[in-house]
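Presented below is the structure to which this report refers.
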Amino acid sequence: MNLVKGQRGFLLVEAVVAIVVITVALVAMLGMFIQSLQATASAADYTVAASLVQEQMEQMKIKDDLFWNSLSFPYHSATEFISMNKVTYKRTTHAELSPLDPEYPVKQRIIKVTVNVEGLGEISMVTYVLRELPQFAN
């Protein structure tokens, strides 16, 4: 083996150190990638739960007079189980006379509607509906 003066190669130790440094950097990047995937999945679950809540809120707002007239307060809906994206969500609806409702006897009442959805996490939303309820007429 002829070596030219001043020519040097890599030592095995230098190569191993370079491989270790590159491996540590790749493991750190892999950890960040896994965290971003988990955050994306969590955001997707939250978005689905929020859309299920919003859907139920809109359904409660458009209920006809027959539904509201036959209601006794507080109202609790039957629990609904909805499967989407390999996750089962549990949706419940609760309606009650609002603490904001005036005490005087009138037909119009402020109703507080709360919708709760549980999946991988939990989300709850509240809205208020003004309805004429004959059960509260004079």
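Lettering and numbering for the structure tokens are positional, with chains as A, B, ... in the shown order, residues counted from 1 in each chain, and ligands counted from 1 in the shown order.
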Counting only C-alpha atoms, which residues of stretch 38-73 of chain A sit at most 9 Å from some atom of stretch 109-128 of chain A, and what is each one's closest atom pair with its distance in Å to one decimal, listed by chain and rising residue number, as a Markdown table?
```
| residue | atom | partner | partner_atom | distance |
| --- | --- | --- | --- | --- |
| A:Ser42 | CA | A:Leu120 | CA | 7.9 |
| A:Asp45 | CA | A:Leu120 | CA | 6.8 |
| A:Tyr46 | CA | A:Gly121 | CA | 7.3 |
| A:Ala49 | CA | A:Val117 | CA | 6.1 |
| A:Ala50 | CA | A:Ile123 | CA | 6.9 |
| A:Leu52 | CA | A:Val117 | CA | 7.3 |
| A:Val53 | CA | A:Val115 | CA | 5.9 |
| A:Gln54 | CA | A:Met125 | CA | 8.2 |
| A:Gln56 | CA | A:Val115 | CA | 7.1 |
| A:Met57 | CA | A:Val115 | CA | 6.9 |
| A:Met60 | CA | A:Val113 | CA | 7.9 |
| A:Lys61 | CA | A:Tyr128 | CA | 9.0 |
```
Can you check which residues of stretch 5-127 of chain A DSSP gives as strand (DSSP E) on the backbone and send them as a count of residues only? 35
Non-local contacts of A:Leu66 (12 Å; only C-alpha atoms; under 2 positions in same chain excluded) as a VMD selection string: chain A and resid 62 to 64 68 to 71 131 to 135
A straight line from atom CA of A:Glu80 to atom CA of A:Ala44 spans 20.1 Å
Which of A:Ala39, A:Val17, A:His94, A:Thr23 sits closest to A:Thr79 [using only C-alpha atoms]: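 The closest residue to A:Thr79 is A:His94.
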Between A:Thr93, A:Phe33, A:Leu12, A:Pro74, smallest distance to A:Glu55 by only C-alpha atoms belongs to A:Thr93
Run DSSP on the backbone and tell me which residues of chain A come out as helix (DSSP H, G or I); list them as a PyMOL selection string. chain A and resi 12-61+65-69+134-136
Atomic distance atom CA of A:Ser72 - atom CA of A:Glu96, expressed in Å with one decimal: 8.8 Å
Work out how far apart atom CA of A:Lys86 and atom CA of A:Ser51 are and give it in Å to one decimal.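 So the two atoms, atom CA of A:Lys86 and atom CA of A:Ser51, lie 16.2 Å apart.
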